>>> print(open('input21.txt').read())   # compact mmCIF, C-alpha atoms
# COMPACT_ATOMS: atom_id res chain seq x y z
CA MET M 143 -24.16 1.71 -14.58
CA ALA M 144 -26.68 2.05 -11.77
CA PRO M 145 -25.17 2.14 -8.31
CA CYS M 146 -27.56 0.77 -5.74
CA VAL M 147 -28.88 3.44 -3.40
CA PRO M 148 -31.56 2.71 -0.80
CA GLU M 149 -34.06 4.96 -2.59
CA MET M 150 -34.08 2.63 -5.56
CA ARG M 151 -35.13 -0.39 -3.56
CA THR M 152 -38.59 -1.77 -3.13
CA PRO M 153 -39.05 -2.61 0.53
CA GLY M 154 -40.38 -6.05 1.36
CA GLU M 155 -39.54 -7.71 -1.92
CA MET M 156 -36.06 -6.25 -2.02
CA THR M 157 -36.03 -5.95 -5.77
CA LEU M 158 -34.92 -3.04 -7.86
CA ALA M 159 -37.75 -0.73 -8.94
CA ASP M 160 -38.55 -1.17 -12.63
CA GLY M 161 -38.40 2.59 -13.13
CA VAL M 162 -34.70 2.51 -12.33
CA LEU M 163 -34.00 -0.39 -14.68
CA ILE M 164 -35.92 1.24 -17.53
CA THR M 165 -34.29 4.62 -16.99
CA LEU M 166 -30.87 2.97 -17.10
CA LEU M 167 -31.69 1.07 -20.30
CA ASP M 168 -33.18 4.18 -21.95
CA MET M 169 -30.05 6.14 -21.07
CA ALA M 170 -27.79 3.37 -22.39
CA GLY M 171 -29.78 3.41 -25.64
CA THR M 172 -29.36 7.16 -25.97
CA LEU M 173 -25.61 6.90 -25.39
CA ALA M 174 -25.40 4.14 -28.01
CA VAL M 175 -27.00 6.45 -30.58
CA TRP M 176 -24.62 9.30 -29.76
CA THR M 177 -21.68 6.92 -29.82
CA ARG M 178 -22.59 5.68 -33.30
CA LEU M 179 -23.17 9.27 -34.51
CA GLY M 180 -19.95 10.49 -32.93
CA GLN M 181 -21.79 13.59 -31.74
CA PHE M 182 -24.71 14.76 -29.63
CA ARG M 183 -27.98 15.09 -31.44
CA PRO M 184 -31.30 15.58 -29.65
CA HIS M 185 -33.74 12.71 -29.94
CA ALA M 186 -36.84 11.36 -28.25
CA THR M 187 -37.67 7.77 -27.33
CA LEU M 188 -40.36 6.42 -29.66
CA ASP M 189 -40.79 2.84 -28.48
CA LEU M 190 -39.06 0.99 -25.70
CA ARG M 191 -39.53 -2.68 -25.03
CA VAL M 192 -38.06 -4.47 -22.02
CA ASP M 193 -38.03 -8.21 -21.43
CA HIS M 194 -37.72 -8.77 -17.70
CA ILE M 195 -35.68 -11.97 -17.73
CA GLU M 196 -34.74 -12.19 -14.09
CA ALA M 197 -35.83 -10.38 -10.94
CA ILE M 198 -33.13 -7.93 -9.93
CA ARG M 199 -32.20 -8.08 -6.28
CA ALA M 200 -31.71 -4.79 -4.53
CA GLY M 201 -28.23 -4.16 -3.23
CA VAL M 202 -26.37 -5.17 -6.36
CA GLU M 203 -24.89 -2.85 -8.92
CA ILE M 204 -26.32 -3.38 -12.38
CA LYS M 205 -24.87 -2.30 -15.71
CA ALA M 206 -26.42 -1.78 -19.09
CA TYR M 207 -24.95 -2.12 -22.55
CA ALA M 208 -26.65 -1.00 -25.74
CA GLU M 209 -25.72 -0.81 -29.39
CA CYS M 210 -27.25 1.26 -32.14
CA TYR M 211 -27.44 -1.28 -34.96
CA HIS M 212 -29.01 1.01 -37.53
CA LEU M 213 -29.85 4.63 -38.03
CA ASN M 214 -31.04 6.97 -40.74
CA ASP M 215 -31.88 10.68 -40.85
CA GLN M 216 -35.00 10.30 -38.73
CA VAL M 217 -34.75 7.22 -36.55
CA ALA M 218 -32.15 5.23 -34.60
CA TYR M 219 -32.63 1.53 -33.77
CA VAL M 220 -31.11 0.16 -30.59
CA ARG M 221 -30.85 -3.11 -28.72
CA GLY M 222 -29.23 -3.74 -25.39
CA HIS M 223 -29.34 -5.51 -22.09
CA ALA M 224 -28.86 -5.07 -18.35
CA TYR M 225 -26.54 -7.38 -16.46
CA ILE M 226 -24.44 -7.92 -13.37
CA ASP M 227 -20.72 -8.31 -14.01
CA GLY M 228 -19.91 -11.90 -14.88
CA ASN M 229 -23.53 -12.95 -14.82
CA ALA M 230 -26.30 -13.65 -17.28
CA THR M 231 -28.59 -11.05 -18.76
CA LEU M 232 -31.20 -9.64 -16.36
CA ALA M 233 -33.28 -7.70 -18.87
CA ALA M 234 -33.23 -7.11 -22.61
CA LEU M 235 -33.93 -3.86 -24.40
CA SER M 236 -35.22 -3.03 -27.86
CA ALA M 237 -35.85 0.64 -28.55
CA THR M 238 -36.21 3.25 -31.28
CA TYR M 239 -35.39 6.93 -31.04
CA ALA M 240 -36.55 9.77 -33.30
CA PHE M 241 -34.24 12.69 -33.94
CA THR M 242 -35.84 15.97 -32.98
CA GLY M 243 -33.25 18.37 -34.35
CA HIS M 244 -29.72 18.72 -35.63
CA ALA M 245 -26.60 18.71 -33.52
CA MET R 266 -43.45 -5.26 -8.16
CA SER R 267 -43.17 -1.82 -6.69
CA GLY R 268 -45.87 -0.10 -4.73
CA LEU R 269 -46.68 3.46 -3.87
CA ASP R 270 -45.08 2.81 -0.48
CA SER R 271 -41.76 2.01 -2.17
CA SER R 272 -38.69 4.15 -1.78
CA TYR R 273 -38.68 4.63 -5.54
CA ALA R 274 -42.16 6.18 -5.45
CA ARG R 275 -41.04 8.43 -2.61
CA LEU R 276 -37.86 9.40 -4.44
CA MET R 277 -39.86 10.40 -7.50
CA GLY R 278 -42.65 12.00 -5.47
CA ILE R 279 -45.23 9.70 -7.05
CA ARG R 280 -48.46 9.57 -5.09
CA MET R 281 -52.09 8.61 -5.40
CA CYS R 282 -54.76 11.14 -6.28
CA ALA R 283 -58.31 11.00 -7.61
CA ASP R 284 -60.03 12.73 -10.50
CA ALA R 285 -63.38 14.58 -10.30
CA GLU R 286 -65.26 11.28 -10.52
CA GLY R 287 -63.15 9.70 -7.80
CA ARG R 288 -61.16 7.42 -10.12
CA GLU R 289 -57.70 6.56 -8.89
CA GLN R 290 -54.73 8.13 -10.62
CA LEU R 291 -51.04 8.28 -9.93
CA LEU R 292 -49.45 11.71 -9.92
CA LEU R 293 -45.81 12.47 -10.73
CA PRO R 294 -45.22 16.10 -9.73
CA PHE R 295 -42.89 18.05 -11.96
CA GLY R 296 -39.43 18.80 -10.63
CA PRO R 297 -35.84 19.03 -11.89
CA HIS R 298 -35.35 15.34 -11.06
CA VAL R 299 -37.61 14.29 -13.97
CA VAL R 300 -36.08 16.46 -16.71
CA GLY R 301 -34.33 14.76 -19.62
CA ARG R 302 -33.24 16.88 -22.52
CA PRO R 303 -33.68 20.52 -21.50
CA GLY R 304 -37.32 21.56 -21.39
CA PHE R 305 -38.73 18.03 -21.56
CA LEU R 306 -39.40 15.13 -19.23
CA HIS R 307 -37.09 12.12 -19.29
CA GLY R 308 -38.60 9.00 -20.81
CA GLY R 309 -37.34 6.98 -17.87
CA ALA R 310 -39.34 9.06 -15.39
CA ILE R 311 -42.51 8.63 -17.44
CA ALA R 312 -41.80 4.92 -17.79
CA GLY R 313 -41.25 4.64 -14.04
CA LEU R 314 -44.63 6.26 -13.40
CA LEU R 315 -46.36 3.98 -15.93
CA SER R 316 -44.73 0.88 -14.40
CA LEU R 317 -45.98 1.86 -10.96
CA ALA R 318 -49.46 2.53 -12.38
CA CYS R 319 -49.52 -1.02 -13.79
CA ASP R 320 -48.11 -2.58 -10.61
CA HIS R 321 -50.66 -0.68 -8.57
CA ALA R 322 -53.55 -1.70 -10.82
CA ILE R 323 -52.65 -5.39 -10.63
CA ALA R 324 -52.00 -5.26 -6.88
CA ARG R 325 -55.51 -3.83 -6.37
CA GLY R 326 -57.02 -6.91 -7.94
CA THR R 327 -54.75 -9.50 -6.35
CA SER R 328 -54.86 -10.84 -2.82
CA PRO R 329 -51.85 -9.78 -0.73
CA ALA R 330 -50.86 -13.43 -0.33
CA HIS R 331 -50.51 -13.80 -4.09
CA ALA R 332 -49.30 -10.33 -4.95
CA GLU R 333 -45.74 -11.11 -3.97
CA ALA R 334 -45.43 -13.90 -6.54
CA VAL R 335 -46.88 -11.85 -9.38
CA HIS R 336 -44.11 -10.47 -11.50
CA CYS R 337 -43.76 -8.54 -14.69
CA VAL R 338 -42.29 -10.38 -17.67
CA THR R 339 -42.46 -7.80 -20.46
CA SER R 340 -43.00 -4.03 -20.75
CA THR R 341 -43.68 -2.21 -24.01
CA PHE R 342 -43.71 1.58 -23.86
CA GLN R 343 -44.82 3.91 -26.61
CA PHE R 344 -44.06 7.57 -26.36
CA MET R 345 -46.48 9.77 -28.31
CA ARG R 346 -45.81 13.33 -27.25
CA ALA R 347 -42.96 15.17 -25.63
CA GLY R 348 -43.50 15.52 -21.90
CA ALA R 349 -43.65 19.21 -21.00
CA GLU R 350 -42.31 20.60 -17.73
CA LYS R 351 -45.54 19.88 -15.89
CA ASP R 352 -47.09 17.24 -13.63
CA VAL R 353 -47.95 13.88 -15.19
CA ARG R 354 -50.90 11.67 -14.31
CA ALA R 355 -51.29 7.98 -15.04
CA ALA R 356 -53.90 5.26 -14.65
CA GLY R 357 -53.82 1.55 -15.43
CA ARG R 358 -56.39 -1.06 -16.38
CA VAL R 359 -55.99 -4.82 -15.91
CA GLN R 360 -57.27 -7.76 -17.86
CA PHE R 361 -56.75 -10.71 -15.57
CA GLY R 362 -55.83 -14.08 -17.00
CA ARG R 363 -55.17 -17.41 -15.33
CA LEU R 364 -51.51 -17.61 -16.28
CA ILE R 365 -50.77 -14.17 -17.64
CA SER R 366 -52.47 -10.86 -16.94
CA THR R 367 -52.20 -7.84 -19.21
CA VAL R 368 -52.08 -4.32 -17.86
CA GLN R 369 -52.29 -1.17 -19.92
CA ALA R 370 -51.57 2.25 -18.51
CA VAL R 371 -51.79 5.73 -19.94
CA ALA R 372 -49.80 8.83 -18.92
CA TRP R 373 -51.04 12.31 -19.73
CA GLN R 374 -50.60 15.95 -18.82
CA GLU R 375 -53.31 18.11 -20.39
CA MET R 376 -56.08 15.57 -20.74
CA GLU R 377 -56.39 11.82 -20.64
CA SER R 378 -57.45 11.69 -24.29
CA LYS R 379 -54.08 13.16 -25.28
CA PRO R 380 -51.62 10.67 -23.76
CA ILE R 381 -47.90 11.43 -23.73
CA ALA R 382 -47.09 7.73 -23.34
CA ILE R 383 -48.74 4.35 -22.96
CA VAL R 384 -47.49 0.98 -21.79
CA THR R 385 -48.56 -2.63 -21.96
CA ARG R 386 -47.12 -4.91 -19.32
CA LYS R 387 -47.57 -8.68 -19.03
CA TYR R 388 -47.53 -10.27 -15.59
CA ARG R 389 -47.09 -13.89 -14.68
CA MET R 390 -49.57 -14.88 -12.01
CA GLU R 391 -49.02 -16.87 -8.84
CA SER R 392 -51.57 -19.54 -9.87
CA ALA R 393 -49.38 -20.33 -12.88
CA ARG R 394 -46.42 -21.06 -10.66
CA ARG R 395 -48.26 -23.37 -8.31
CA GLU R 396 -49.67 -25.48 -11.09
CA ARG R 397 -46.36 -26.28 -12.66
>>> encode(input="input21.txt", output="structure tokens")
Amino acid sequence: MAPCVPEMRTPGEMTLADGVLITLLDMAGTLAVWTRLGQFRPHATLDLRVDHIEAIRAGVEIKAYAECYHLNDQVAYVRGHAYIDGNATLAALSATYAFTGHA
Amino acid sequence: MSGLDSSYARLMGIRMCADAEGREQLLLPFGPHVVGRPGFLHGGAIAGLLSLACDHAIARGTSPAHAEAVHCVTSTFQFMRAGAEKDVRAAGRVQFGRLISTVQAVAWQEMESKPIAIVTRKYRMESARRER
């Protein structure tokens, strides 16, 4: 969940900076991998694709959900989305993570 | 789109600089706020820098009147190397289209030819909206 703080706003357009959205989605993806593993294991983002479905107004709290739908010894595959409670998807995520070591 | 005058850029410390030949680059100075797993930069910080580099590149080639209606529709990041605990630089290049423009940006630490990450972003242009 990304609380809205003034630093994350883009003045003028009053939209959320993409860097914040992407950081949130990347973090949600990482947590999805750890959740599926049931443990912490270091990994690095390989690819991260975001579909910006709707402009995100500043001043609203956005949430992200991600699921790790497949993993093997080397790579974890994740999809997810960002949303506002009770509303449609704002952005969609597709990402892969490479494990860099053992837990 | 976000600019270098945005609060996000200020929060991250991202600013404009120029290389020896005077080409524009964006600089993300290293600090604890950009660390992910210990010893390495967070992908989100690198992605934030790359997004700004693309936004900046497209804003440079768009009139201010139109810039507001230009918006990003997709971003595809590829991370090639671990980001070390050092400054990161980034620069973007635009290929303008009538409906959709494509921007590619590279982020590097040691040298531009050894990128730590690259991105391709697609932007929908103002002209496309008015013609609908």
>>> residues_around(input="input21.txt", residues="R:Gly304", least_positions_apart="4", cutoff="9 Å", atoms="all atoms listed in the file", output="PyMOL selection string")
chain R and resi 300+348-350
>>> closest_atom_pairs(input="input21.txt", of="chain R", to="chain M", cutoff="7 Å", atoms="only C-alpha atoms", output="Markdown table")
| residue | atom | partner | partner_atom | distance |
| --- | --- | --- | --- | --- |
| R:Ser267 | CA | M:Thr152 | CA | 5.8 |
| R:Ser271 | CA | M:Thr152 | CA | 5.0 |
| R:Ser272 | CA | M:Glu149 | CA | 4.8 |
| R:Tyr273 | CA | M:Met150 | CA | 5.0 |
| R:Leu276 | CA | M:Glu149 | CA | 6.1 |
| R:Gly308 | CA | M:Thr187 | CA | 6.7 |
| R:Gly309 | CA | M:Thr165 | CA | 4.0 |
| R:Ala310 | CA | M:Thr165 | CA | 6.9 |
| R:Ala312 | CA | M:Gly161 | CA | 6.2 |
| R:Gly313 | CA | M:Gly161 | CA | 3.6 |
| R:Ser316 | CA | M:Gly161 | CA | 6.7 |
| R:Cys337 | CA | M:His194 | CA | 6.8 |
| R:Val338 | CA | M:His194 | CA | 4.8 |
| R:Thr339 | CA | M:Asp193 | CA | 4.6 |
| R:Ser340 | CA | M:Val192 | CA | 5.1 |
| R:Thr341 | CA | M:Arg191 | CA | 4.3 |
| R:Phe342 | CA | M:Leu190 | CA | 5.0 |
| R:Gln343 | CA | M:Asp189 | CA | 4.6 |
| R:Phe344 | CA | M:Leu188 | CA | 5.1 |
>>> atom_distance(input="input21.txt", atom1="atom CA of M:Ala230", atom2="atom CA of R:Ala332")
26.3 Å
>>> atom_distance(input="input21.txt", atom1="atom CA of R:Ala322", atom2="atom CA of R:Thr385")
12.2 Å
>>> atom_distance(input="input21.txt", atom1="atom CA of M:Thr172", atom2="atom CA of R:Ala355")
24.5 Å
>>> residues_around(input="input21.txt", residues="R:Leu293", least_positions_apart="4", cutoff="8 Å", atoms="only C-alpha atoms", output="list in words")
Met277, Gly278, Ile279, Arg280, Leu314, Asp352, Val353 and Arg354 of chain R
>>> axis_aligned_box(input="input21.txt", around="stretch 225-235 of chain M", padding_each_side="3 Å", output="lines of an AutoDock Vina configuration file")
center_x = -26.9
center_y = -8.8
center_z = -18.9
size_x = 20.0
size_y = 15.8
size_z = 17.0
>>> closest_residue(input="input21.txt", among="R:Arg288, R:His307, R:Arg386, R:His321", to="R:Ile365", atoms="all atoms listed in the file")
R:Arg386
>>> closest_residue(input="input21.txt", among="M:Gly201, M:Thr231, M:Ala240, M:Ile226", to="M:Val175", atoms="all atoms listed in the file")
M:Ala240
